[in-house]
file run24.pdb (PDB, C-alpha atoms)
ATOM      1  CA  MET D   1      -5.502  74.407  10.540
ATOM      2  CA  LEU D   2      -2.105  73.589  11.883
ATOM      3  CA  LEU D   3      -3.740  71.111  14.207
ATOM      4  CA  SER D   4      -5.695  69.442  11.400
ATOM      5  CA  THR D   5      -2.543  69.238   9.227
ATOM      6  CA  MET D   6      -0.707  67.676  12.119
ATOM      7  CA  LYS D   7      -3.490  65.167  12.699
ATOM      8  CA  TYR D   8      -3.475  64.372   8.999
ATOM      9  CA  LYS D   9       0.319  63.787   9.007
ATOM     10  CA  ASN D  10       0.029  61.662  12.155
ATOM     11  CA  SER D  11      -2.747  59.582  10.602
ATOM     12  CA  ILE D  12      -0.646  59.064   7.467
ATOM     13  CA  ILE D  13       2.329  57.995   9.587
ATOM     14  CA  VAL D  14       0.146  55.650  11.659
ATOM     15  CA  SER D  15      -1.434  54.253   8.469
ATOM     16  CA  PHE D  16       2.021  53.796   6.947
ATOM     17  CA  ILE D  17       3.327  52.042  10.065
ATOM     18  CA  LEU D  18       0.223  49.834  10.206
ATOM     19  CA  THR D  19       0.540  48.977   6.523
ATOM     20  CA  ILE D  20       4.239  48.125   6.948
ATOM     21  CA  GLY D  21       3.383  46.064  10.040
ATOM     22  CA  ILE D  22       0.647  44.163   8.213
ATOM     23  CA  LEU D  23       2.912  43.567   5.210
ATOM     24  CA  LEU D  24       5.772  42.385   7.436
ATOM     25  CA  SER D  25       3.401  40.147   9.376
ATOM     26  CA  PHE D  26       2.057  38.640   6.150
ATOM     27  CA  LEU D  27       5.595  38.165   4.793
ATOM     28  CA  LEU D  28       6.724  36.531   8.052
ATOM     29  CA  PHE D  29       3.624  34.310   8.068
ATOM     30  CA  SER D  30       4.287  33.273   4.451
ATOM     31  CA  LEU D  31       7.924  32.469   5.186
ATOM     32  CA  LEU D  32       7.060  30.475   8.305
ATOM     33  CA  ARG D  33       4.274  28.621   6.494
ATOM     34  CA  ALA D  34       6.560  27.753   3.575
ATOM     35  CA  ASN D  35       9.206  26.557   6.015
ATOM     36  CA  GLU D  36       6.654  24.456   7.925
ATOM     37  CA  LEU D  37       5.342  23.008   4.665
ATOM     38  CA  GLU D  38       8.873  22.086   3.616
ATOM     39  CA  LEU D  39       9.543  20.421   6.978
ATOM     40  CA  THR D  40       6.270  18.504   6.727
ATOM     41  CA  LYS D  41       7.119  17.345   3.191
ATOM     42  CA  GLU D  42      10.563  16.261   4.347
ATOM     43  CA  LYS D  43       9.142  14.293   7.304
ATOM     44  CA  PHE D  44       6.539  12.716   5.036
ATOM     45  CA  SER D  45       9.197  11.772   2.503
ATOM     46  CA  GLN D  46      11.315  10.206   5.251
ATOM     47  CA  LEU D  47       8.313   8.203   6.500
ATOM     48  CA  ILE D  48       7.474   7.030   2.985
ATOM     49  CA  ASN D  49      11.085   5.964   2.427
ATOM     50  CA  GLN D  50      11.117   4.168   5.762
ATOM     51  CA  TYR D  51       7.875   2.325   4.941
ATOM     52  CA  ALA D  52       9.132   1.503   1.443
ATOM     53  CA  ASN D  53      12.399   0.128   2.814
ATOM     54  CA  THR D  54      10.580  -1.899   5.459
ATOM     55  CA  THR D  55       8.160  -3.279   2.874
ATOM     56  CA  GLU D  56      10.979  -4.086   0.466
ATOM     57  CA  TYR D  57      12.896  -5.884   3.229
ATOM     58  CA  ALA D  58       9.789  -7.865   4.233
ATOM     59  CA  LEU D  59       9.129  -8.848   0.613
ATOM     60  CA  GLN D  60      12.750  -9.939   0.209
ATOM     61  CA  GLU D  61      12.429 -12.056   3.349
ATOM     62  CA  GLU D  62       9.202 -13.655   2.112
ATOM     63  CA  THR D  63      10.733 -14.234  -1.321
ATOM     64  CA  HIS D  64      13.727 -15.878   0.333
ATOM     65  CA  ALA D  65      11.374 -18.181   2.227
ATOM     66  CA  LEU D  66       9.503 -19.078  -0.961
ATOM     67  CA  ASN D  67      12.782 -19.654  -2.789
ATOM     68  CA  SER D  68      13.834 -22.082  -0.071
ATOM     69  CA  LEU D  69      10.575 -24.002  -0.568
ATOM     70  CA  ALA D  70      11.170 -24.039  -4.329
ATOM     71  CA  ALA D  71      14.736 -25.282  -3.794
ATOM     72  CA  TYR D  72      13.428 -27.992  -1.481
ATOM     73  CA  HIS D  73      10.925 -29.058  -4.134
ATOM     74  CA  TYR D  74      13.465 -29.086  -6.970
ATOM     75  CA  GLY D  75      16.021 -30.923  -4.829
ATOM     76  CA  SER D  76      13.628 -33.726  -3.904
ATOM     77  CA  GLU D  77      12.465 -36.626  -6.052
ATOM     78  CA  ASN D  78       9.088 -36.958  -4.381
ATOM     79  CA  ILE D  79       7.652 -34.841  -1.607
ATOM     80  CA  SER D  80       4.990 -36.349   0.599
ATOM     81  CA  ALA D  81       2.166 -34.326   2.089
ATOM     82  CA  GLN D  82       3.793 -34.649   5.523
ATOM     83  CA  GLU D  83       7.182 -33.457   4.249
ATOM     84  CA  PHE D  84       5.539 -30.469   2.602
ATOM     85  CA  LYS D  85       3.604 -29.727   5.796
ATOM     86  CA  ASN D  86       6.767 -29.896   7.924
ATOM     87  CA  PHE D  87       8.810 -27.663   5.647
ATOM     88  CA  ALA D  88       6.023 -25.188   4.855
ATOM     89  CA  SER D  89       4.919 -24.852   8.491
ATOM     90  CA  THR D  90       8.497 -23.947   9.452
ATOM     91  CA  ILE D  91       8.469 -21.164   6.851
ATOM     92  CA  ILE D  92       5.066 -19.923   8.003
ATOM     93  CA  ASN D  93       6.141 -19.922  11.652
ATOM     94  CA  TYR D  94       9.138 -17.706  10.872
ATOM     95  CA  HIS D  95       7.338 -15.498   8.358
ATOM     96  CA  PRO D  96       4.053 -14.226   9.818
ATOM     97  CA  ASN D  97       3.170 -12.360   6.611
ATOM     98  CA  VAL D  98       2.866 -15.673   4.775
ATOM     99  CA  GLN D  99      -0.672 -16.860   5.400
ATOM    100  CA  ALA D 100      -0.479 -20.187   3.565
ATOM    101  CA  LEU D 101       1.706 -22.086   1.129
ATOM    102  CA  ALA D 102       0.440 -24.392  -1.581
ATOM    103  CA  TRP D 103       1.986 -26.742  -4.062
ATOM    104  CA  VAL D 104       0.155 -26.591  -7.380
ATOM    105  CA  PRO D 105       1.392 -29.203  -9.882
ATOM    106  CA  GLU D 106       0.615 -29.236 -13.555
ATOM    107  CA  VAL D 107      -1.617 -32.283 -14.100
ATOM    108  CA  LEU D 108      -2.312 -33.549 -17.594
ATOM    109  CA  HIS D 109      -5.824 -34.822 -18.272
ATOM    110  CA  GLU D 110      -4.578 -38.399 -18.650
ATOM    111  CA  ASN D 111      -3.076 -38.221 -15.118
ATOM    112  CA  LYS D 112      -6.110 -36.620 -13.492
ATOM    113  CA  GLN D 113      -7.447 -39.853 -11.955
ATOM    114  CA  GLU D 114      -4.116 -40.486 -10.225
ATOM    115  CA  TYR D 115      -4.416 -37.155  -8.409
ATOM    116  CA  GLU D 116      -8.070 -37.722  -7.628
ATOM    117  CA  LYS D 117      -7.166 -40.692  -5.414
ATOM    118  CA  ASP D 118      -6.689 -38.201  -2.570
ATOM    119  CA  PHE D 119      -9.408 -35.674  -3.411
ATOM    120  CA  TYR D 120     -11.534 -34.475  -6.297
ATOM    121  CA  LEU D 121     -10.438 -31.611  -8.459
ATOM    122  CA  ASN D 122     -12.938 -28.775  -8.336
ATOM    123  CA  GLN D 123     -13.500 -25.238  -9.525
ATOM    124  CA  ARG D 124     -15.755 -22.319  -8.744
ATOM    125  CA  ASP D 125     -19.116 -22.142 -10.439
ATOM    126  CA  THR D 126     -20.515 -18.807 -11.646
ATOM    127  CA  ASP D 127     -22.148 -18.299  -8.240
ATOM    128  CA  GLY D 128     -18.855 -19.059  -6.408
ATOM    129  CA  SER D 129     -19.787 -22.544  -5.199
ATOM    130  CA  MET D 130     -17.367 -25.447  -5.704
ATOM    131  CA  VAL D 131     -18.220 -27.932  -8.470
ATOM    132  CA  PRO D 132     -16.237 -30.728 -10.171
ATOM    133  CA  VAL D 133     -13.748 -29.446 -12.756
ATOM    134  CA  GLY D 134     -14.709 -29.256 -16.371
ATOM    135  CA  GLU D 135     -12.739 -31.300 -18.866
ATOM    136  CA  ARG D 136      -9.568 -29.696 -20.213
ATOM    137  CA  ASN D 137      -6.064 -30.758 -21.233
ATOM    138  CA  VAL D 138      -4.235 -29.466 -18.144
ATOM    139  CA  TYR D 139      -5.233 -28.881 -14.524
ATOM    140  CA  TYR D 140      -3.480 -26.929 -11.784
ATOM    141  CA  PRO D 141      -4.930 -28.245  -8.527
ATOM    142  CA  VAL D 142      -3.897 -27.169  -5.052
ATOM    143  CA  TYR D 143      -2.294 -30.474  -4.090
ATOM    144  CA  PHE D 144      -0.456 -29.678  -0.847
ATOM    145  CA  LEU D 145      -1.516 -26.884   1.449
ATOM    146  CA  GLU D 146      -0.230 -25.516   4.717
ATOM    147  CA  HIS D 147      -2.036 -23.840   6.833
ATOM    148  CA  PHE D 148      -4.758 -26.316   6.096
ATOM    149  CA  THR D 149      -7.112 -25.141   8.856
ATOM    150  CA  GLY D 150      -9.333 -22.434   7.452
ATOM    151  CA  ASN D 151      -8.257 -23.232   3.887
ATOM    152  CA  GLU D 152      -9.829 -26.696   3.524
ATOM    153  CA  LYS D 153     -11.915 -25.653   0.524
ATOM    154  CA  ALA D 154      -8.764 -24.755  -1.402
ATOM    155  CA  LEU D 155      -7.463 -28.347  -1.479
ATOM    156  CA  GLY D 156      -8.174 -29.709  -4.962
ATOM    157  CA  LEU D 157      -9.147 -26.301  -6.336
ATOM    158  CA  ASP D 158      -8.047 -26.092  -9.963
ATOM    159  CA  ILE D 159      -6.422 -22.700 -10.104
ATOM    160  CA  GLY D 160      -6.241 -23.100 -13.868
ATOM    161  CA  SER D 161     -10.018 -22.796 -14.023
ATOM    162  CA  GLU D 162      -9.769 -19.069 -13.271
ATOM    163  CA  LYS D 163      -8.472 -16.985 -16.169
ATOM    164  CA  ASN D 164      -6.434 -14.449 -14.130
ATOM    165  CA  ARG D 165      -4.827 -17.109 -11.955
ATOM    166  CA  LEU D 166      -4.117 -19.324 -14.974
ATOM    167  CA  GLU D 167      -2.374 -16.447 -16.752
ATOM    168  CA  ALA D 168      -0.312 -15.760 -13.627
ATOM    169  CA  LEU D 169       0.596 -19.456 -13.298
ATOM    170  CA  ILE D 170       1.663 -19.706 -16.930
ATOM    171  CA  HIS D 171       3.716 -16.525 -16.590
ATOM    172  CA  ALA D 172       5.392 -17.877 -13.424
ATOM    173  CA  LYS D 173       6.091 -21.193 -15.151
ATOM    174  CA  ASN D 174       7.481 -19.596 -18.323
ATOM    175  CA  THR D 175       9.679 -17.117 -16.456
ATOM    176  CA  ALA D 176      10.637 -19.476 -13.598
ATOM    177  CA  THR D 177       9.452 -16.939 -11.057
ATOM    178  CA  LEU D 178       7.569 -17.352  -7.816
ATOM    179  CA  LEU D 179       3.891 -16.599  -7.584
ATOM    180  CA  SER D 180       2.111 -14.892  -4.749
ATOM    181  CA  ALA D 181      -1.655 -14.791  -4.876
ATOM    182  CA  PRO D 182      -4.602 -13.523  -2.883
ATOM    183  CA  LYS D 183      -6.503 -15.970  -0.724
ATOM    184  CA  LEU D 184      -7.922 -18.819  -2.793
ATOM    185  CA  VAL D 185     -11.145 -19.376  -0.884
ATOM    186  CA  GLU D 186     -13.194 -17.559   1.699
TER
END
call {"tool": "encode", "arguments": {"input": "run24.pdb", "output": "structure tokens"}}
result
Amino acid sequence: MLLSTMKYKNSIIVSFILTIGILLSFLLFSLLRANELELTKEKFSQLINQYANTTEYALQEETHALNSLAAYHYGSENISAQEFKNFASTIINYHPNVQALAWVPEVLHENKQEYEKDFYLNQRDTDGSMVPVGERNVYYPVYFLEHFTGNEKALGLDIGSEKNRLEALIHAKNTATLLSAPKLVE
């Protein structure tokens, strides 16, 4: 009986030690996991901040380039297609994120024929094909365009024929802000 009592006490002690060991292991695991999670969150936050700062800097650079084009336009009486090409291509060469630059004047219906000396104003049909513009009071055609290669279909496109783009153009005009847009044509 003494032997069985001793075995019982030993098994309780071993069970107690094992339980304490398991609890300590679980506690240590939880602490290490929480610490690792915190380090991962911190690294992720640093990466996000770095990407955000880089993106913000790039956008500021592109905005600066667009502002210089706007200043060039406002400071000139008349800009020829070649002058626009020269100035815009310089911006594009130094700013690889800018895919193309376009000058989109506001053209009143009574002045439409004057603009159509160089090309016809067009718009997208319901199936996406280009058709002559419908009659309206004001047009917003892509008049100058640089990089022309690959964007030929955009020349003469009346951006005002598309509701979302027209709203963006009017907002940019009314607030005197620059407008960046997705690719005009595929």
call {"tool": "atom_distance", "arguments": {"input": "run24.pdb", "atom1": "CA of Leu145 in chain D", "atom2": "CA of Ser89 in chain D"}}
result
9.8 Å
call {"tool": "atom_distance", "arguments": {"input": "run24.pdb", "atom1": "CA of Thr55 in chain D", "atom2": "CA of Asn97 in chain D"}}
result
11.0 Å
call {"tool": "atom_distance", "arguments": {"input": "run24.pdb", "atom1": "CA of Glu114 in chain D", "atom2": "CA of Gly156 in chain D"}}
result
12.7 Å
call {"tool": "closest_residue", "arguments": {"input": "run24.pdb", "among": "D:Tyr57, D:Phe26, D:Phe144, D:Tyr8", "to": "Phe84 in chain D", "atoms": "only C-alpha atoms"}}
result
D:Phe144
call {"tool": "resolve_selection", "arguments": {"input": "run24.pdb", "expression": "the PyMOL selection byres ((chain D and resi 130-138) around 8)", "output": "list in words"}}
result
Glu106, Val107, Leu108, His109, Tyr120, Leu121, Asn122, Gln123, Arg124, Asp125, Gly128, Ser129, Tyr139, Tyr140, Asp158, Gly160 and Ser161 of chain D
call {"tool": "resolve_selection", "arguments": {"input": "run24.pdb", "expression": "the PyMOL selection byres ((chain D and resi 87) around 12)", "output": "VMD selection string"}}
result
chain D and resid 65 to 66 68 to 73 79 to 86 88 to 94 101 to 103 144 to 147
call {"tool": "decode", "arguments": {"input": "run24.pdb", "residues": "range 15-100 of chain D", "atoms": "C-alpha atoms", "output": "compact mmCIF listing (two decimals), in the first residue's frame"}}
result
# COMPACT_ATOMS: atom_id res chain seq x y z
CA SER D 15 0.95 15.24 -13.92
CA PHE D 16 1.35 18.58 -12.14
CA ILE D 17 4.77 19.18 -13.70
CA LEU D 18 3.45 18.20 -17.14
CA THR D 19 0.43 20.47 -16.74
CA ILE D 20 2.65 23.38 -15.65
CA GLY D 21 5.00 22.65 -18.57
CA ILE D 22 2.13 22.58 -21.06
CA LEU D 23 0.66 25.78 -19.63
CA LEU D 24 4.05 27.53 -19.70
CA SER D 25 4.65 26.32 -23.24
CA PHE D 26 1.24 27.59 -24.35
CA LEU D 27 1.82 30.93 -22.58
CA LEU D 28 5.27 31.28 -24.17
CA PHE D 29 3.84 30.36 -27.58
CA SER D 30 1.06 32.95 -27.17
CA LEU D 31 3.52 35.65 -26.16
CA LEU D 32 5.88 34.87 -29.03
CA ARG D 33 3.00 34.73 -31.52
CA ALA D 34 1.62 38.07 -30.31
CA ASN D 35 5.09 39.58 -30.56
CA GLU D 36 5.58 38.18 -34.08
CA LEU D 37 2.15 39.46 -35.11
CA GLU D 38 3.01 42.91 -33.79
CA LEU D 39 6.32 42.91 -35.66
CA THR D 40 4.57 41.81 -38.85
CA LYS D 41 1.95 44.56 -38.47
CA GLU D 42 4.69 47.12 -37.88
CA LYS D 43 6.64 45.99 -40.98
CA PHE D 44 3.45 46.02 -43.03
CA SER D 45 2.59 49.50 -41.80
CA GLN D 46 6.08 50.72 -42.69
CA LEU D 47 5.76 49.23 -46.19
CA ILE D 48 2.34 50.79 -46.69
CA ASN D 49 3.67 54.18 -45.57
CA GLN D 50 6.65 53.81 -47.88
CA TYR D 51 4.41 52.93 -50.84
CA ALA D 52 2.02 55.76 -49.98
CA ASN D 53 4.87 58.27 -49.79
CA THR D 54 6.35 57.03 -53.05
CA THR D 55 2.96 57.20 -54.77
CA GLU D 56 2.29 60.67 -53.37
CA TYR D 57 5.70 61.88 -54.57
CA ALA D 58 5.12 60.39 -58.04
CA LEU D 59 1.68 62.02 -58.26
CA GLN D 60 3.15 65.36 -57.20
CA GLU D 61 5.81 65.02 -59.90
CA GLU D 62 3.20 64.18 -62.55
CA THR D 63 0.99 67.04 -61.37
CA HIS D 64 3.96 69.39 -61.60
CA ALA D 65 4.54 68.25 -65.18
CA LEU D 66 0.88 68.79 -66.06
CA ASN D 67 0.93 72.20 -64.39
CA SER D 68 3.90 73.18 -66.53
CA LEU D 69 1.94 72.19 -69.65
CA ALA D 70 -1.04 74.22 -68.42
CA ALA D 71 1.22 77.21 -67.75
CA TYR D 72 2.69 76.86 -71.23
CA HIS D 73 -0.80 76.83 -72.71
CA TYR D 74 -2.02 79.83 -70.71
CA GLY D 75 1.17 81.77 -71.45
CA SER D 76 0.90 81.30 -75.22
CA GLU D 77 -1.43 83.04 -77.64
CA ASN D 78 -1.63 80.15 -80.07
CA ILE D 79 0.00 76.76 -79.78
CA SER D 80 0.67 74.81 -82.94
CA ALA D 81 0.50 71.04 -83.10
CA GLN D 82 4.30 70.92 -83.41
CA GLU D 83 4.81 73.16 -80.37
CA PHE D 84 2.46 70.99 -78.34
CA LYS D 85 4.26 67.86 -79.54
CA ASN D 86 7.67 69.28 -78.60
CA PHE D 87 6.61 70.41 -75.14
CA ALA D 88 4.46 67.37 -74.34
CA SER D 89 7.07 64.86 -75.55
CA THR D 90 9.63 66.46 -73.22
CA ILE D 91 7.25 65.95 -70.29
CA ILE D 92 6.53 62.36 -71.31
CA ASN D 93 10.23 61.57 -71.68
CA TYR D 94 10.95 62.75 -68.13
CA HIS D 95 7.79 61.28 -66.61
CA PRO D 96 7.40 57.63 -67.62
CA ASN D 97 4.10 57.30 -65.72
CA VAL D 98 2.48 59.75 -68.13
CA GLN D 99 1.33 57.67 -71.08
CA ALA D 100 -0.05 60.48 -73.24
